[in-house]
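The next block is start.txt, given as compact mmCIF, C-alpha atoms and all ligand atoms.
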```txt
# COMPACT_ATOMS: atom_id res chain seq x y z
CA MET A 1 31.12 169.31 138.09
CA SER A 2 27.97 167.68 136.89
CA LEU A 3 24.41 167.29 138.07
CA GLU A 4 23.28 163.72 138.41
CA LEU A 5 19.96 162.23 139.45
CA SER A 6 19.77 158.51 139.61
CA ASN A 7 16.67 156.37 139.99
CA VAL A 8 14.80 159.17 141.78
CA THR A 9 11.26 158.54 142.97
CA LEU A 10 9.15 161.25 144.60
CA THR A 11 5.60 160.86 145.88
CA TYR A 12 3.27 163.38 147.44
CA PRO A 13 0.50 162.42 149.88
CA ASP A 14 -2.90 162.60 148.18
CA GLY A 15 -5.94 161.80 150.31
CA ASP A 16 -5.57 158.21 151.43
CA GLY A 17 -3.01 157.44 148.74
CA VAL A 18 -0.04 159.07 147.03
CA VAL A 19 0.71 160.78 143.71
CA THR A 20 3.92 159.61 142.09
CA ALA A 21 5.43 162.84 140.71
CA LEU A 22 8.79 161.30 139.75
CA ASP A 23 9.05 157.64 138.87
CA ARG A 24 12.61 156.23 138.86
CA VAL A 25 14.03 159.25 137.04
CA SER A 26 17.68 159.26 136.00
CA VAL A 27 19.48 162.10 134.24
CA ARG A 28 23.07 163.32 134.12
CA VAL A 29 23.93 166.82 132.93
CA ALA A 30 27.59 167.53 132.16
CA PRO A 31 29.27 170.90 132.83
CA GLY A 32 28.71 173.31 129.93
CA GLU A 33 25.65 171.38 128.72
CA VAL A 34 21.97 172.33 128.62
CA THR A 35 19.46 169.52 129.05
CA ALA A 36 15.90 170.64 128.39
CA VAL A 37 12.91 168.76 129.76
CA VAL A 38 9.58 169.24 128.06
CA GLY A 39 6.26 167.72 129.01
CA PRO A 40 2.62 168.45 129.68
CA SER A 41 1.27 170.19 132.75
CA GLY A 42 1.38 167.94 135.79
CA SER A 43 3.96 165.57 134.29
CA GLY A 44 6.51 166.29 137.05
CA LYS A 45 8.80 169.00 135.61
CA SER A 46 8.66 171.34 138.62
CA SER A 47 9.13 168.39 140.95
CA LEU A 48 12.24 167.41 138.99
CA LEU A 49 13.72 170.90 139.37
CA ALA A 50 12.85 171.05 143.07
CA VAL A 51 14.59 167.73 143.71
CA ALA A 52 17.64 168.74 141.64
CA ALA A 53 17.76 172.02 143.59
CA THR A 54 17.76 170.00 146.87
CA LEU A 55 14.58 171.86 147.88
CA ILE A 56 12.59 168.60 148.08
CA ARG A 57 14.01 165.31 149.30
CA PRO A 58 12.90 162.37 147.15
CA ASP A 59 11.59 159.10 148.61
CA SER A 60 14.50 157.21 147.05
CA GLY A 61 17.36 157.49 144.57
CA THR A 62 20.45 159.68 144.57
CA VAL A 63 20.98 163.36 143.76
CA ARG A 64 24.57 164.44 143.18
CA VAL A 65 25.37 168.13 142.75
CA GLY A 66 28.93 169.16 141.96
CA GLY A 67 30.12 165.69 142.96
CA THR A 68 28.40 165.64 146.37
CA ASP A 69 25.78 163.04 147.24
CA THR A 70 23.22 165.48 148.68
CA LEU A 71 20.90 162.96 150.31
CA GLY A 72 23.61 162.03 152.79
CA LEU A 73 23.80 165.62 154.10
CA ARG A 74 22.19 167.17 157.20
CA PRO A 75 19.64 169.95 156.55
CA ARG A 76 22.16 172.69 157.38
CA GLU A 77 24.79 171.15 155.09
CA THR A 78 22.18 170.86 152.34
CA ALA A 79 21.35 174.56 152.68
CA GLU A 80 25.05 175.46 152.47
CA LEU A 81 25.58 173.26 149.44
CA ARG A 82 22.53 174.81 147.75
CA LEU A 83 23.84 178.31 148.35
CA ALA A 84 27.28 177.43 146.97
CA GLU A 85 26.48 175.00 144.16
CA VAL A 86 22.95 175.62 142.86
CA GLY A 87 21.72 178.58 140.82
CA ILE A 88 17.98 178.81 140.25
CA VAL A 89 16.26 180.88 137.58
CA PHE A 90 12.57 181.17 138.37
CA GLN A 91 10.00 181.93 135.73
CA GLN A 92 9.33 185.39 137.17
CA PRO A 93 12.54 187.34 137.75
CA ASN A 94 11.49 188.32 141.33
CA LEU A 95 13.92 191.22 141.37
CA ILE A 96 13.82 193.70 144.24
CA SER A 97 12.34 196.88 142.78
CA SER A 98 14.48 199.32 144.80
CA LEU A 99 17.83 197.70 143.88
CA THR A 100 19.98 198.22 140.81
CA ALA A 101 21.06 195.28 138.67
CA VAL A 102 24.46 195.09 140.34
CA GLU A 103 22.92 195.33 143.81
CA GLN A 104 20.59 192.39 143.04
CA LEU A 105 23.71 190.24 142.62
CA VAL A 106 25.61 191.75 145.56
CA VAL A 107 22.72 190.86 147.90
CA THR A 108 23.02 187.18 147.04
CA GLY A 109 26.83 187.45 147.43
CA HIS A 110 26.17 188.77 150.93
CA MET A 111 24.16 185.59 151.67
CA ARG A 112 27.30 183.68 150.79
CA SER A 113 29.32 185.86 153.19
CA ARG A 114 31.38 187.39 150.42
CA PRO A 115 33.04 190.75 151.14
CA VAL A 116 31.03 193.51 149.43
CA ARG A 117 33.95 194.78 147.31
CA GLU A 118 34.64 191.30 145.97
CA ALA A 119 30.92 190.57 145.41
CA ARG A 120 30.59 193.85 143.50
CA ALA A 121 33.52 193.11 141.20
CA SER A 122 32.19 189.64 140.50
CA ALA A 123 28.67 191.04 139.94
CA MET A 124 29.96 193.54 137.35
CA GLU A 125 31.82 190.76 135.55
CA THR A 126 28.76 188.48 135.55
CA LEU A 127 26.46 191.22 134.25
CA ALA A 128 28.92 191.94 131.44
CA ALA A 129 28.95 188.23 130.55
CA VAL A 130 25.16 188.27 130.07
CA GLY A 131 25.28 191.40 127.88
CA LEU A 132 24.29 194.04 130.44
CA SER A 133 27.39 196.24 130.35
CA GLY A 134 26.35 199.86 130.82
CA LYS A 135 23.05 198.86 132.48
CA GLU A 136 24.47 197.71 135.82
CA HIS A 137 23.05 200.67 137.72
CA ARG A 138 19.51 200.48 136.41
CA ARG A 139 16.59 199.42 138.57
CA PRO A 140 14.16 196.75 137.32
CA HIS A 141 11.59 199.28 135.98
CA GLN A 142 14.36 200.80 133.81
CA LEU A 143 15.02 197.46 132.11
CA SER A 144 13.04 195.54 129.47
CA GLY A 145 11.46 192.15 130.25
CA GLY A 146 14.29 190.37 128.45
CA GLU A 147 16.91 192.43 130.33
CA ARG A 148 15.26 191.64 133.65
CA GLN A 149 15.47 187.97 132.74
CA ARG A 150 19.20 188.50 132.01
CA VAL A 151 19.67 189.96 135.51
CA ASN A 152 17.79 186.95 136.85
CA ILE A 153 20.19 184.59 135.05
CA ALA A 154 23.23 186.63 136.14
CA ARG A 155 22.06 186.53 139.75
CA ALA A 156 21.75 182.74 139.60
CA LEU A 157 25.31 182.52 138.23
CA ALA A 158 26.85 185.09 140.58
CA GLY A 159 28.01 182.47 143.09
CA ARG A 160 29.56 180.35 140.28
CA PRO A 161 27.38 177.30 140.97
CA SER A 162 27.95 173.83 139.51
CA ALA A 163 24.30 173.46 138.51
CA LEU A 164 21.89 175.94 136.94
CA LEU A 165 18.19 175.07 137.19
CA VAL A 166 15.89 177.01 134.92
CA ASP A 167 12.10 177.05 135.19
CA GLU A 168 10.16 178.18 132.10
CA PRO A 169 12.45 181.11 131.25
CA THR A 170 10.45 182.20 128.21
CA ALA A 171 6.94 182.03 129.69
CA ALA A 172 6.54 185.77 130.21
CA LEU A 173 8.30 186.82 126.98
CA ASP A 174 7.26 187.22 123.36
CA HIS A 175 8.69 184.99 120.62
CA ASP A 176 11.87 186.96 119.80
CA ARG A 177 12.76 187.80 123.39
CA GLY A 178 12.10 184.20 124.34
CA ALA A 179 14.49 183.03 121.62
CA ARG A 180 17.19 185.44 122.84
CA VAL A 181 16.83 184.37 126.46
CA MET A 182 17.18 180.72 125.45
CA GLU A 183 20.31 181.57 123.45
CA LEU A 184 21.64 183.40 126.48
CA VAL A 185 21.04 180.37 128.71
CA GLY A 186 23.08 178.32 126.22
CA GLU A 187 25.91 180.89 126.08
CA ALA A 188 26.02 181.38 129.86
CA THR A 189 26.08 177.61 130.35
CA ARG A 190 29.17 177.33 128.17
CA THR A 191 30.88 180.46 129.51
CA PHE A 192 30.42 179.48 133.16
CA GLY A 193 30.73 175.72 132.64
CA VAL A 194 27.55 174.99 134.58
CA ALA A 195 25.38 171.89 134.23
CA THR A 196 22.03 173.36 133.17
CA LEU A 197 18.70 171.62 133.56
CA LEU A 198 15.85 173.59 132.05
CA VAL A 199 12.15 172.77 132.08
CA THR A 200 9.78 174.32 129.60
CA HIS A 201 6.46 174.06 127.82
CA ASP A 202 8.02 175.98 124.95
CA THR A 203 9.15 173.55 122.27
CA GLU A 204 9.93 176.33 119.78
CA HIS A 205 13.27 177.48 121.16
CA LEU A 206 15.04 174.29 122.06
CA GLY A 207 18.02 174.97 119.78
CA ALA A 208 20.19 176.01 122.74
CA ALA A 209 19.69 172.64 124.39
CA GLY A 210 22.30 169.96 123.78
CA ARG A 211 19.69 167.39 124.66
CA VAL A 212 15.91 167.34 124.97
CA LEU A 213 14.06 164.86 127.16
CA GLU A 214 10.35 164.44 127.71
CA MET A 215 8.55 163.98 130.99
CA ARG A 216 5.37 161.91 130.90
CA ASP A 217 3.53 160.91 134.07
CA GLY A 218 6.67 161.26 136.16
CA ARG A 219 8.86 159.24 133.80
CA LEU A 220 11.71 160.82 131.87
CA GLY A 221 12.67 159.61 128.44
CA ALA A 222 13.39 160.51 124.84
CA PRO A 223 10.71 162.74 123.28
CA ALA A 224 8.07 161.09 121.11
CA PRO A 225 8.76 161.75 117.40
CA ALA A 226 6.78 164.78 116.09
N1 LIG B 1 2.72 169.62 147.01
C1 LIG B 1 2.04 168.70 146.31
N2 LIG B 1 1.16 167.87 146.92
C2 LIG B 1 0.49 166.92 146.23
N3 LIG B 1 0.64 166.72 144.88
C3 LIG B 1 1.49 167.52 144.23
C4 LIG B 1 2.23 168.56 144.89
N4 LIG B 1 2.98 169.21 143.96
C5 LIG B 1 2.74 168.61 142.78
N5 LIG B 1 1.85 167.59 142.93
C6 LIG B 1 1.38 166.66 141.87
O1 LIG B 1 2.53 166.00 141.34
C7 LIG B 1 2.41 165.86 139.91
C8 LIG B 1 3.59 166.58 139.22
O2 LIG B 1 3.49 167.99 139.45
P1 LIG B 1 4.55 169.06 138.92
O3 LIG B 1 4.19 170.38 139.51
O4 LIG B 1 5.90 168.53 139.18
O5 LIG B 1 4.24 169.04 137.34
P2 LIG B 1 4.71 170.04 136.17
O6 LIG B 1 5.08 169.20 135.01
O7 LIG B 1 5.73 170.97 136.69
O8 LIG B 1 3.38 170.85 135.87
P3 LIG B 1 3.22 172.37 135.26
O9 LIG B 1 3.81 172.33 133.89
O10 LIG B 1 1.73 172.54 135.27
O11 LIG B 1 3.92 173.30 136.20
C9 LIG B 1 1.05 166.42 139.56
O12 LIG B 1 0.14 165.33 139.53
C10 LIG B 1 0.71 167.36 140.71
O13 LIG B 1 -0.69 167.46 140.89
```
Once you've parsed the file, please lay out its structure as structure tokens.
Ligand SMILES: Nc1ncnc2c1ncn2[C@@H]1O[C@H](COP(=O)(O)OP(=O)(O)OP(=O)(O)O)[C@@H](O)[C@H]1O
Amino acid sequence: MSLELSNVTLTYPDGDGVVTALDRVSVRVAPGEVTAVVGPSGSGKSSLLAVAATLIRPDSGTVRVGGTDTLGLRPRETAELRLAEVGIVFQQPNLISSLTAVEQLVVTGHMRSRPVREARASAMETLAAVGLSGKEHRRPHQLSGGERQRVNIARALAGRPSALLVDEPTAALDHDRGARVMELVGEATRTFGVATLLVTHDTEHLGAAGRVLEMRDGRLGAPAPA
């Protein structure tokens, strides 16, 4: 199931006027594909992710996640769809310091009303898929920065979403760890067949992306030649 934004416009109130954060943006991400969006600060990247995640409702356009037209849904239905179909990887892992890696994933399974035994088995499988076999029972302080980011990615994938939305995954990492996390996003995207939309300032590690687009003043297009 893909992620599809079509002709999306988003404005924020700004004094007496408005700021246009997204200006008729269209993008379709197929399952198993990473689309990276680069662009300067303030160009609209976070707004794009928030709209794709159904966290912000745009002024106009359509947002389809896993085949569902999300703008036709009631707020409660939107929240349910988000829980089932959208995985979000924030820049900071935001892991709970007292929980082990496997427990971080089980907690989100609980939010989806999954039985604990089933959530645990699925969590172990997901952690293995992101290369954390043998480290499932470690707490965040017993993991490296790159490993914490792996748990973060695994947690976003634990509910087997259709769409994976990734915000600056390399921002807190050095060059080599950043490269490995980007490779992991590419591998996980293929393994789990998710449609991944990733925004980043980091133009060094875009090899994992099947496609790179550039955001400029709220408009999305092909990147300018280097
Ligand atoms: N809640 C808000 N209210 C008013 N304006 C906002 C709000 N959030 C963002 N904006 C404005 O919308 C535009 C796009 O912001 P956005 O955060 O999407 O950019 P960005 O590309 O993610 O930036 P950065 O790389 O710095 O995170 C900017 O002009 C910003 O000032």
Can you tell me which residues come within 9 Å of ligand LIG 1 (chain B) when counting all atoms listed in the file, ideally as a PyMOL selection string? chain A and resi 10-14+18-22+38-50+167-168+199-201+215-218
Selection: 7 Å around A:Gly193, all atoms listed in the file, excl. self and same-chain fewer than 4 positions, as a PDB file with C-alpha atoms, in the coordinates of the input:
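Heads up, here's the output in around-v3.pdb:
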```pdb
ATOM      1  CA  PRO A  31      29.270 170.900 132.830  1.00  0.00           C
ATOM      2  CA  GLY A  32      28.710 173.310 129.930  1.00  0.00           C
ATOM      3  CA  THR A 189      26.080 177.610 130.350  1.00  0.00           C
TER       4      THR A 189
END
```
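Excluding stretch 105-113 of chain A itself and any same-chain residue fewer than 6 positions from it, the protein and nucleic acid residues within 7 Å of it, counting all atoms listed in the file, are A:Leu83, A:Ala119, A:Arg120, A:Ala123, A:Arg155, A:Ala158, A:Gly159.
The interatomic distance for the pair atom CA of A:Thr68 and atom CA of A:Leu198 works out to 20.6 Å.
For the set A:Asp69, A:Ala188, A:Val89, A:His175, the residue with the smallest atom-to-atom gap to A:Thr126 is A:Ala188, counting all atoms listed in the file.
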Could you work out how far atom CA of A:Val102 lies from atom CA of A:Arg117, giving the answer in Å with one decimal? 11.8 Å
When you draw a straight line from atom CA of A:Glu80 to atom CA of A:Ala171, how long is it in Å?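 We find that atom CA of A:Glu80 and atom CA of A:Ala171 lie 29.8 Å from each other.
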